[in-house]
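*Asks:* My questions all concern the structure below.
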Amino acid sequence: MRLTQWTDYTLRVLMYCAACQGRAHPVTITEVAQAHGISRSHLTKIVQQLAAKGLLDTTRGRGGGMRLMRPASEINIGAVVRSTETDFDMVECFNDEYNTCRMSMHCGLRNLLGQATQAYLAVLDAVTLADLVPPKGETAQAVHSLRFMPGLPVPA
C-alpha cells in the first residue's frame, strides 16, 4: 500500500504544526513549503482542506498563519489518512464494480489482502499526531540530542 502525495503532505503539515504548538507566532505555509521543498500553492490547497475539516485554524494577512484546532493528542492518524485517501483497493477484486479477475471465485488473495489492509489501518488508528512529534516539556539538551526528521522545526 502506498499513500498518495496529498496524504503525505497533509501529514507533514499537521506534524509541523504539532511540533510548533506553544510557539508565539503561527506556522506559515511558506515556512512549511521551504522546510519540505513543497510547492506553496499545493500546500495552500491542503491547508484549506484541513481547515474545512476542523483540524487547522487559519488566519490571513500579516502575522497570520495556521495552528492546530485541537491538541495533537486528539488527532488520530488513521482518521486523517482515511479522510485524505480516495480508496484502499489494493487489487481490482476489492471493487466488485470494476473487478474483471477470472480467479476471484476461487482465490484467497482478496481475503488475505483485505486482512492486511485492516491491520495497516489498525496500526494507524492506534497513533495520534502527538505520537509523531518530539514530546513537549523535554529539556533543550534532551530535545537537541534527538535525531529530528528533516523538515520538522528544531525547538530553540
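Scheme for the C-alpha cells: letters A, B, ... for chains in order shown; per-chain residue numbers from 1; ligand numbers from 1 in order shown.
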Could you pull out all residues of segment 4-122 of chain A with a DSSP call of helix (DSSP H, G or I) and give them as a VMD selection string?

*Replies:* chain A and resid 5 to 19 29 to 36 40 to 52 72 to 74 77 to 84 92 to 94 104 to 106 109 to 122

*Asks:* Write down as a ChimeraX atom specification the residues of segment 51-139 of chain A whose backbone DSSP state falls under strand (DSSP E).

*Replies:* /A:56-59,65-68

*Asks:* Which residues, written as a list in words, have at least one atom at most 7 Å from segment 67-83 of chain A, with only C-alpha atoms counted and residues fewer than 6 positions away on the same chain left out?

*Replies:*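 So the residues in contact are Thr7, Cys17, Ala18, Pro26, Val27, Gly54, Leu55, Leu56, Asp57, Thr58, Leu121, Leu124, Asp125, Val127, Thr128, Leu129 and Ala130 of chain A.
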
*Asks:* Keeping only N, CA and C atoms, take the residues you just selected and write them out as a PDB file, in the first residue's frame.

*Replies:*
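again-v4.pdb written:
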ATOM      1  N   THR A   7      -1.844  12.878   0.896  1.00  0.00           N
ATOM      2  CA  THR A   7      -1.855  12.414   2.286  1.00  0.00           C
ATOM      3  C   THR A   7      -0.498  12.643   2.939  1.00  0.00           C
ATOM      4  N   CYS A  17       2.889  21.623  12.375  1.00  0.00           N
ATOM      5  CA  CYS A  17       2.083  22.449  13.277  1.00  0.00           C
ATOM      6  C   CYS A  17       2.130  21.900  14.704  1.00  0.00           C
ATOM      7  N   ALA A  18       2.100  20.583  14.844  1.00  0.00           N
ATOM      8  CA  ALA A  18       2.170  19.978  16.180  1.00  0.00           C
ATOM      9  C   ALA A  18       3.512  20.265  16.837  1.00  0.00           C
ATOM     10  N   PRO A  26       2.069  31.917  14.660  1.00  0.00           N
ATOM     11  CA  PRO A  26       1.578  30.727  13.978  1.00  0.00           C
ATOM     12  C   PRO A  26       2.525  30.265  12.868  1.00  0.00           C
ATOM     13  N   VAL A  27       2.334  29.049  12.436  1.00  0.00           N
ATOM     14  CA  VAL A  27       3.102  28.464  11.331  1.00  0.00           C
ATOM     15  C   VAL A  27       2.570  29.042  10.030  1.00  0.00           C
ATOM     16  N   GLY A  54     -11.788  21.051  10.158  1.00  0.00           N
ATOM     17  CA  GLY A  54     -11.701  21.403  11.566  1.00  0.00           C
ATOM     18  C   GLY A  54     -10.409  20.989  12.242  1.00  0.00           C
ATOM     19  N   LEU A  55      -9.371  20.741  11.462  1.00  0.00           N
ATOM     20  CA  LEU A  55      -8.083  20.359  12.044  1.00  0.00           C
ATOM     21  C   LEU A  55      -7.147  21.546  12.220  1.00  0.00           C
ATOM     22  N   LEU A  56      -7.276  22.548  11.358  1.00  0.00           N
ATOM     23  CA  LEU A  56      -6.419  23.736  11.446  1.00  0.00           C
ATOM     24  C   LEU A  56      -7.257  24.991  11.572  1.00  0.00           C
ATOM     25  N   ASP A  57      -6.751  25.913  12.365  1.00  0.00           N
ATOM     26  CA  ASP A  57      -7.318  27.255  12.468  1.00  0.00           C
ATOM     27  C   ASP A  57      -6.389  28.146  11.657  1.00  0.00           C
ATOM     28  N   THR A  58      -6.927  28.841  10.676  1.00  0.00           N
ATOM     29  CA  THR A  58      -6.085  29.675   9.819  1.00  0.00           C
ATOM     30  C   THR A  58      -6.468  31.141   9.962  1.00  0.00           C
ATOM     31  N   LEU A 121      -4.553  -0.292   8.744  1.00  0.00           N
ATOM     32  CA  LEU A 121      -5.374   0.789   9.283  1.00  0.00           C
ATOM     33  C   LEU A 121      -5.460   0.723  10.798  1.00  0.00           C
ATOM     34  N   LEU A 124      -2.483   2.493  12.207  1.00  0.00           N
ATOM     35  CA  LEU A 124      -2.650   3.945  12.104  1.00  0.00           C
ATOM     36  C   LEU A 124      -3.661   4.458  13.123  1.00  0.00           C
ATOM     37  N   ASP A 125      -4.701   3.669  13.374  1.00  0.00           N
ATOM     38  CA  ASP A 125      -5.730   4.065  14.345  1.00  0.00           C
ATOM     39  C   ASP A 125      -5.188   4.140  15.772  1.00  0.00           C
ATOM     40  N   VAL A 127      -2.412   5.472  16.648  1.00  0.00           N
ATOM     41  CA  VAL A 127      -1.421   6.541  16.740  1.00  0.00           C
ATOM     42  C   VAL A 127      -2.106   7.904  16.640  1.00  0.00           C
ATOM     43  N   THR A 128      -1.657   8.842  17.481  1.00  0.00           N
ATOM     44  CA  THR A 128      -2.130  10.223  17.372  1.00  0.00           C
ATOM     45  C   THR A 128      -1.004  11.088  16.824  1.00  0.00           C
ATOM     46  N   LEU A 129      -1.352  12.286  16.440  1.00  0.00           N
ATOM     47  CA  LEU A 129      -0.364  13.232  15.938  1.00  0.00           C
ATOM     48  C   LEU A 129       0.714  13.498  16.986  1.00  0.00           C
ATOM     49  N   ALA A 130       0.323  13.523  18.242  1.00  0.00           N
ATOM     50  CA  ALA A 130       1.289  13.762  19.329  1.00  0.00           C
ATOM     51  C   ALA A 130       2.363  12.675  19.377  1.00  0.00           C
TER      52      ALA A 130
END

*Asks:* Could you list, as a PyMOL selection string, every residue within 12 Å of Thr28 of chain A, counting only C-alpha atoms and ignoring same-chain residues fewer than 3 positions away?

*Replies:* chain A and resi 13+16-17+20+25+31-35+40+43-44+47+56-67

*Asks:* Can you tell me how far atom CA of Pro153 of chain A sits from atom CA of Gln5 of chain A, in Å to one decimal?

*Replies:* 20.9 Å

*Asks:* Please compute the atom CA of Tyr9 of chain A-atom CA of Thr30 of chain A distance, one decimal, in Å.

*Replies:*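 Separating atom CA of Tyr9 of chain A from atom CA of Thr30 of chain A is a distance of 13.6 Å.
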
*Asks:* Atom CA of Lys45 of chain A to atom CA of Met1 of chain A: how many Å, to one decimal?

*Replies:*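 Computing it gives 24.2 Å between the two atoms.
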